[in-house]
Protein chains: 2
Amino acid sequence: METLQELRHFFNTGNKEYRTGITIDCAIFGYHDDQLQLLLVKNKILTLWCMPGGYVKKSETLNEASARITLERTGIGNLFLKQFKTFGDPDRNNAYGIFDPEKLYEISGIRIAEDNWLMGQTISVGFYAITDMVKARPKADFLSSECRWFPIDDLPHLGFDHDEMVREALFTMRMHLYHFPVGKNLLPEKFTLKEIKQFYEVMSGKPLHATNFPNKLIKMGLIDRLEEKKRIGAHRSPTYYRFNGRVYEKALKEGLVVA
Amino acid sequence: METLQELRHFFNTGNKEYRTGITIDCAIFGYHDDQLQLLLVKNKILTLWCMPGGYVKKSETLNEASARITLERTGIGNLFLKQFKTFGDPDRNNAYGIFDPEKLYEISGIRIAEDNWLMGQTISVGFYAITDMVKARPKADFLSSECRWFPIDDLPHLGFDHDEMVREALFTMRMHLYHFPVGKNLLPEKFTLKEIKQFYEVMSGKPLHATNFPNKLIKMGLIDRLEEKKRIGAHRSPTYYRFNGRVYEKALKEGLVVA
C-alpha cells in the first residue's frame with residue numbers, strides 16, 4: 001500500500017480482492033562483498049522492525065503473491081524464492097508488539113471496527129529470497145517508516161513472531177545450500193574456486209575446506225573450468241570457473257546433493 | 001468426523017471452532033521390513049484416494065492440529081511430524097475430482113448452501129510423518145470408505161492436488177534425511193551397520209556405499225558401537241550398534257549434516 005487512498009480501500013473492502021486470514025512474510029537475504037544481510041521494514045504501528053509481508057489475492061498462487069511482495073520492496077522481479085515454513089500459532093500476531101487501532105487512526109485517519117476482515121487470526125506462509133544487495137532498491141510503504149538492510153548477525157528484536165521466522169528462514173536457506181544450486185546473479189560470471197568457496201562460507205555461516213568443497217561442485221558438473229586465468233600477481237594466476245547453465249537449471253528444478 | 005451427528009455439527013457450525021479456509025494434509029509414511037508405504041483414505045464424495053487431512057481449530061497450533069489428525073488415522077500419538085510445504089493455488093480443490101454437494105447429500109443426508117463456510121478457497125499446510133507400519137491402526141472416518149497403506153512406488157492417482165503434495169512430501173522427507181536423525185522407533189534398538197544402511201536406502205530410494213555411509217553416522221556420534229555381536233553363522237557375526245540418545249535428541253532440535 002503506497003498511498004493513503006490505497007490503504008483506506010484495502011482496510012474497507014480488501015476482503016473482496018484478498019483472502020482473509022492468510023499472509024505471506026518474506027525473508028529477503030542480500031549478498032554482496034562477502035556480507036549476508038536481511039531486508040527489514042519498520043512498522044509504524046508497532047514501531048518495531050519486521051520482515052516485509054502482505055496478503056494473498058484470491059486470484060494468485062502463493063508463489064505469485066511472494067513475487068509481488070518482494071518486487072514491491074526491492075524493485076526486483078524473478079527473485080529466487082522458496083517457501084521455508086508456515087506459521088499459525090493462535091496468538092502469533094501478539095507475540096511481540098501490539099497492532100493498536102488507535103495508532104492506525106493517528107497515522108492514517110482510518111478507524112476500523114473490531115470485526116474488520118484484517119482483525120482476526122492469520123496464518124503466514126514464509127518465503128525466503130536471495131538477491132544481490134546492490135541491485136535492490138529498498139522501498140518503504142505507507143505503513144512503514146523505513147526499509148533497509150541489516151547484517152544477519154546484528155538484527156534488532158523483530159515484531160510479531162518474526163524473530164522465530166528469521167531463525168527458520170536462515171535454517172532452511174542453509175539446508176537448501178546442500179540441495180539447490182545458488183550463486184547465479186550473486187557471483188560474477190567468472191569466478192575462482194577461492195571466490196565460490198568464500199561465497200558459500202558467507203551463506204552457510206561456517207568454514208569450508210579449501211579444495212574438497214570446490215571439488216564437489218566440479219565433480220557434480222555444476223561449475224566448468226575455463227581456459228582463462230585471473231591475473232593477481234606475477235606468481236598467482238588462479239583459473240576461472242563458471243556455472244554450467246544446463247546442470248544448474250536442472251538442479252534448480254530437481255534438486256541435488258552437495259555432499 | 002466419526003459419526004453422522006459429528007459431521008452435521010461440523011458442516012453447520014464448525015466455523016465457530018475451526019478456522020475457515022485453512023486445512024492440513026498429512027503424508028504418513030510407513031516403514032517396515034525394507035518397505036516404504038504411504039497411508040491413504042478413499043474419499044466417499046470424490047471416490048478417489050487422498051492423503052488424510054482436516055481443518056485447524058482456532059485454539060490449536062499447526063503442529064497440534066497435525067498431531068491430532070495423524071493420531072485419528074493411525075492411533076499413534078507423538079509421531080515424528082514435519083512441515084514440508086503449503087499449497088494455495090486458487091483452483092487447487094478442483095485440480096482432480098469434484099466435491100459434489102449432491103453426493104454429500106446422498107451419503108449423509110446433509111444439504112449445504114453455496115456460502116457454507118467449507119465451500120470457499122482453502123490453503124493446505126502439508127506435514128509428513130514417519131511411523132512403523134506395524135504399530136499403526138489405520139482407521140477410516142465417516143466420509144472415507146477405506147484407509148490403508150500403499151507401496152510408495154505404486155500409488156493410485158490422488159484427488160485434489162494430492163499427487164503434487166506427495167511428490168513434495170517425498171522430496172522434503174528425503175532432503176531431511178541429510179539433516180535430521182531418523183530411525184528411532186523404526187529400527188530395532190540394536191542393529192548392524194548393514195541394517196541401518198538398508199534402512200536409509202529404502203527411505204532415500206537410492207543405493208548407499210556399504211562402509212562410507214555408516215562411517216559418517218559413526219563419525220558424527222549418532223550411533224555407538226556395542227560390545228555385543230549378532231550371531232548369524234559360524235563365520236559371520238557383525239557388531240551391533242545403537243543410536244546415541246543425547247546426540248540424536250540434540251540433532252532433532254538443531255539439525256545436522258550427513259555429508
# chains A, B, ... in the order shown; residues from 1 in each chain; ligands from 1
$ residues_around --residues "stretch 120-133 of chain B" --least-positions-apart "2" --cutoff "7 Å" --atoms "only C-alpha atoms" --output "PyMOL selection string"
chain B and resi 21-32+66+79-88+90+117-118+135-136+169+185-186
$ write_last_selection --atoms "N, CA, C and O atoms" --output "CSV table (one decimal), in the first residue's frame"
chain,number,residue,atom,x,y,z
B,21,GLY,N,-10.9,-21.8,5.8
B,21,GLY,CA,-10.0,-21.7,4.6
B,21,GLY,C,-8.6,-22.3,4.9
B,21,GLY,O,-7.8,-22.1,4.0
B,22,ILE,N,-8.4,-22.9,6.0
B,22,ILE,CA,-7.1,-23.5,6.3
B,22,ILE,C,-7.2,-25.0,6.7
B,22,ILE,O,-7.9,-25.3,7.7
B,23,THR,N,-6.6,-25.8,5.9
B,23,THR,CA,-6.6,-27.2,6.2
B,23,THR,C,-5.1,-27.7,6.4
B,23,THR,O,-4.2,-27.0,6.1
B,24,ILE,N,-5.0,-29.0,6.9
B,24,ILE,CA,-3.7,-29.6,7.0
B,24,ILE,C,-3.9,-31.0,6.3
B,24,ILE,O,-4.9,-31.6,6.4
B,25,ASP,N,-2.9,-31.3,5.5
B,25,ASP,CA,-2.9,-32.7,4.8
B,25,ASP,C,-1.6,-33.4,5.2
B,25,ASP,O,-0.5,-32.7,5.3
B,26,CYS,N,-1.7,-34.7,5.5
B,26,CYS,CA,-0.6,-35.4,6.1
B,26,CYS,C,-0.1,-36.6,5.2
B,26,CYS,O,-0.9,-37.4,4.9
B,27,ALA,N,1.1,-36.5,4.8
B,27,ALA,CA,1.8,-37.6,4.2
B,27,ALA,C,2.3,-38.5,5.3
B,27,ALA,O,3.4,-38.2,5.8
B,28,ILE,N,1.6,-39.6,5.6
B,28,ILE,CA,2.1,-40.5,6.6
B,28,ILE,C,2.8,-41.7,6.0
B,28,ILE,O,2.2,-42.5,5.4
B,29,PHE,N,4.2,-41.6,6.1
B,29,PHE,CA,5.0,-42.7,5.6
B,29,PHE,C,5.1,-43.8,6.6
B,29,PHE,O,5.3,-43.6,7.8
B,30,GLY,N,5.0,-45.0,6.1
B,30,GLY,CA,5.1,-46.2,7.0
B,30,GLY,C,6.3,-47.0,6.5
B,30,GLY,O,6.5,-47.3,5.3
B,31,TYR,N,7.1,-47.4,7.5
B,31,TYR,CA,8.3,-48.3,7.2
B,31,TYR,C,8.1,-49.6,7.9
B,31,TYR,O,7.7,-49.6,9.1
B,32,HIS,N,8.4,-50.7,7.2
B,32,HIS,CA,8.6,-52.0,7.9
B,32,HIS,C,9.2,-53.0,6.9
B,32,HIS,O,8.8,-53.0,5.7
B,66,SER,N,-1.8,-31.1,13.3
B,66,SER,CA,-1.3,-32.3,12.6
B,66,SER,C,-1.1,-33.5,13.4
B,66,SER,O,-1.4,-34.6,13.0
B,79,LEU,N,4.0,-38.7,16.9
B,79,LEU,CA,4.7,-39.1,15.6
B,79,LEU,C,5.7,-38.0,15.3
B,79,LEU,O,5.6,-36.9,15.7
B,80,PHE,N,6.8,-38.5,14.6
B,80,PHE,CA,7.7,-37.5,14.1
B,80,PHE,C,7.0,-36.8,13.0
B,80,PHE,O,6.7,-37.4,11.9
B,81,LEU,N,6.7,-35.5,13.2
B,81,LEU,CA,5.9,-34.7,12.2
B,81,LEU,C,6.7,-33.5,11.8
B,81,LEU,O,7.2,-32.7,12.6
B,82,LYS,N,6.8,-33.2,10.5
B,82,LYS,CA,7.5,-32.0,10.0
B,82,LYS,C,6.7,-31.4,8.8
B,82,LYS,O,6.2,-32.2,8.0
B,83,GLN,N,6.6,-30.1,8.8
B,83,GLN,CA,6.0,-29.4,7.6
B,83,GLN,C,6.9,-29.7,6.4
B,83,GLN,O,8.1,-29.7,6.5
B,84,PHE,N,6.3,-29.9,5.2
B,84,PHE,CA,7.1,-30.0,4.0
B,84,PHE,C,6.7,-28.8,3.1
B,84,PHE,O,7.6,-28.3,2.4
B,85,LYS,N,5.5,-28.4,3.0
B,85,LYS,CA,5.2,-27.2,2.1
B,85,LYS,C,3.7,-26.8,2.3
B,85,LYS,O,2.9,-27.7,2.7
B,86,THR,N,3.4,-25.6,1.9
B,86,THR,CA,2.0,-25.2,2.0
B,86,THR,C,1.5,-24.9,0.5
B,86,THR,O,2.2,-24.4,-0.3
B,87,PHE,N,0.2,-25.4,0.3
B,87,PHE,CA,-0.3,-25.3,-1.0
B,87,PHE,C,-1.5,-24.4,-1.1
B,87,PHE,O,-2.4,-24.5,-0.3
B,88,GLY,N,-1.5,-23.5,-2.1
B,88,GLY,CA,-2.5,-22.4,-2.1
B,88,GLY,C,-3.0,-22.0,-3.5
B,88,GLY,O,-3.5,-20.9,-3.6
B,90,PRO,N,-5.2,-21.1,-6.4
B,90,PRO,CA,-6.6,-20.7,-6.3
B,90,PRO,C,-7.6,-21.8,-6.7
B,90,PRO,O,-8.7,-21.9,-6.1
B,117,TRP,N,-19.4,-22.4,5.1
B,117,TRP,CA,-18.1,-22.0,5.5
B,117,TRP,C,-17.0,-22.9,4.9
B,117,TRP,O,-15.8,-22.6,4.7
B,118,LEU,N,-17.4,-24.1,4.5
B,118,LEU,CA,-16.5,-25.1,3.9
B,118,LEU,C,-16.3,-25.0,2.4
B,118,LEU,O,-15.5,-25.7,1.8
B,135,LYS,N,2.9,-50.7,13.8
B,135,LYS,CA,2.3,-50.1,15.1
B,135,LYS,C,1.0,-49.3,14.8
B,135,LYS,O,0.3,-49.0,15.7
B,136,ALA,N,0.8,-49.0,13.5
B,136,ALA,CA,-0.3,-48.1,13.2
B,136,ALA,C,-1.6,-49.0,13.0
B,136,ALA,O,-1.6,-50.1,12.6
B,169,ALA,N,6.2,-34.0,-0.5
B,169,ALA,CA,6.5,-34.6,0.8
B,169,ALA,C,7.7,-35.6,0.7
B,169,ALA,O,8.5,-35.5,1.6
B,185,ASN,N,12.5,-46.0,16.8
B,185,ASN,CA,11.2,-46.5,16.7
B,185,ASN,C,10.9,-47.2,15.4
B,185,ASN,O,9.8,-47.7,15.2
B,186,LEU,N,11.9,-47.1,14.5
B,186,LEU,CA,11.7,-47.8,13.2
B,186,LEU,C,12.6,-49.0,13.0
B,186,LEU,O,12.2,-50.1,12.6
$ interface_residues --of "chain A" --to "chain B" --cutoff "6 Å" --atoms "only C-alpha atoms" --output "ChimeraX atom specification"
/A:59,61-62,88-90,259
$ atom_distance --atom1 "atom CA of B:Leu170" --atom2 "atom CA of B:Lys139"
22.7 Å
$ select_by_dssp --residues "stretch 37-145 of chain A" --states "strand (DSSP E or B)" --output "number ranges by chain"
A: 37-43, 48-50, 53-57, 80-87, 123-132, 144-145
$ atom_distance --atom1 "atom CA of B:Arg231" --atom2 "atom CA of B:Ile196"
17.0 Å
$ residues_around --residues "B:Leu208" --least-positions-apart "4" --cutoff "9 Å" --atoms "only C-alpha atoms" --output "VMD selection string"
chain B and resid 197 to 198 200 to 201 212 to 213
$ atom_distance --atom1 "atom CA of B:Arg242" --atom2 "atom CA of B:His209"
19.5 Å
$ select_by_dssp --residues "stretch 46-222 of chain B" --states "alpha helix (DSSP H)" --output "PyMOL selection string"
chain B and resi 62-74+101-108+162-176+193-204+212-219
$ residues_around --residues "B:Arg111" --least-positions-apart "6" --cutoff "9 Å" --atoms "only C-alpha atoms" --output "NGL selection string"
:B and (101-102 or 104-105)
$ write_last_selection --atoms "N, CA and C atoms" --output "short mmCIF file (atom, residue, chain, number, x, y, z; two decimals), in the first residue's frame"
data_model
loop_
_atom_site.label_atom_id
_atom_site.label_comp_id
_atom_site.auth_asym_id
_atom_site.auth_seq_id
_atom_site.Cartn_x
_atom_site.Cartn_y
_atom_site.Cartn_z
N PRO B 101 -21.77 -31.52 -3.88
CA PRO B 101 -22.70 -31.44 -2.74
C PRO B 101 -23.85 -32.45 -2.85
N GLU B 102 -24.23 -32.82 -4.08
CA GLU B 102 -25.29 -33.83 -4.26
C GLU B 102 -24.85 -35.18 -3.70
N LEU B 104 -22.63 -35.58 -1.38
CA LEU B 104 -22.62 -35.44 0.09
C LEU B 104 -24.02 -35.73 0.63
N TYR B 105 -25.04 -35.18 -0.02
CA TYR B 105 -26.44 -35.37 0.40
C TYR B 105 -26.82 -36.85 0.34
#
$ residues_around --residues "B:Leu193" --least-positions-apart "2" --cutoff "8 Å" --atoms "only C-alpha atoms" --output "list in words"
Phe191, Glu195, Ile196, Lys197, Pro214, Thr239, Tyr240 and Tyr241 of chain B
$ closest_residue --among "B:Ile218, B:Val202, B:Leu226, B:Val247" --to "B:Pro151" --atoms "only C-alpha atoms"
B:Val202
$ residues_around --residues "A:Arg246" --least-positions-apart "6" --cutoff "12 Å" --atoms "only C-alpha atoms" --output "list in words"
Pro181, Gly221, Leu222, Ile223, Asp224, Leu252 and Lys253 of chain A
$ write_last_selection --atoms "C-alpha atoms" --output "JSON list (two decimals), in the first residue's frame"
[["chain", "number", "residue", "atom", "x", "y", "z"],
["A", 181, "PRO", "CA", 22.33, -24.50, -6.73],
["A", 221, "GLY", "CA", 29.31, -30.73, -13.10],
["A", 222, "LEU", "CA", 27.83, -27.59, -11.54],
["A", 223, "ILE", "CA", 30.88, -25.47, -12.42],
["A", 224, "ASP", "CA", 33.11, -25.68, -15.50],
["A", 252, "LEU", "CA", 17.12, -25.90, -9.56],
["A", 253, "LYS", "CA", 14.10, -27.98, -10.60]]
$ closest_residue --among "B:Cys50, B:Ile76, B:Ile45, B:Met1" --to "B:Asp100" --atoms "only C-alpha atoms"
B:Ile45
$ residues_around --residues "A:Pro156" --least-positions-apart "5" --cutoff "12 Å" --atoms "only C-alpha atoms" --output "list in words"
Leu38, Leu39, Leu40, Val41, Lys42, Leu48, Trp49, Cys50, Met51, Trp149, Phe150, Pro151, His162, Asp163 and Val166 of chain A
$ closest_residue --among "B:Pro188, B:Gly54, B:Lys194, B:Thr211" --to "B:Leu71" --atoms "only C-alpha atoms"
B:Gly54
$ closest_residue --among "B:Asn116, B:Ser108, B:Asn93, B:Asn215" --to "B:Asp161" --atoms "only C-alpha atoms"
B:Asn93
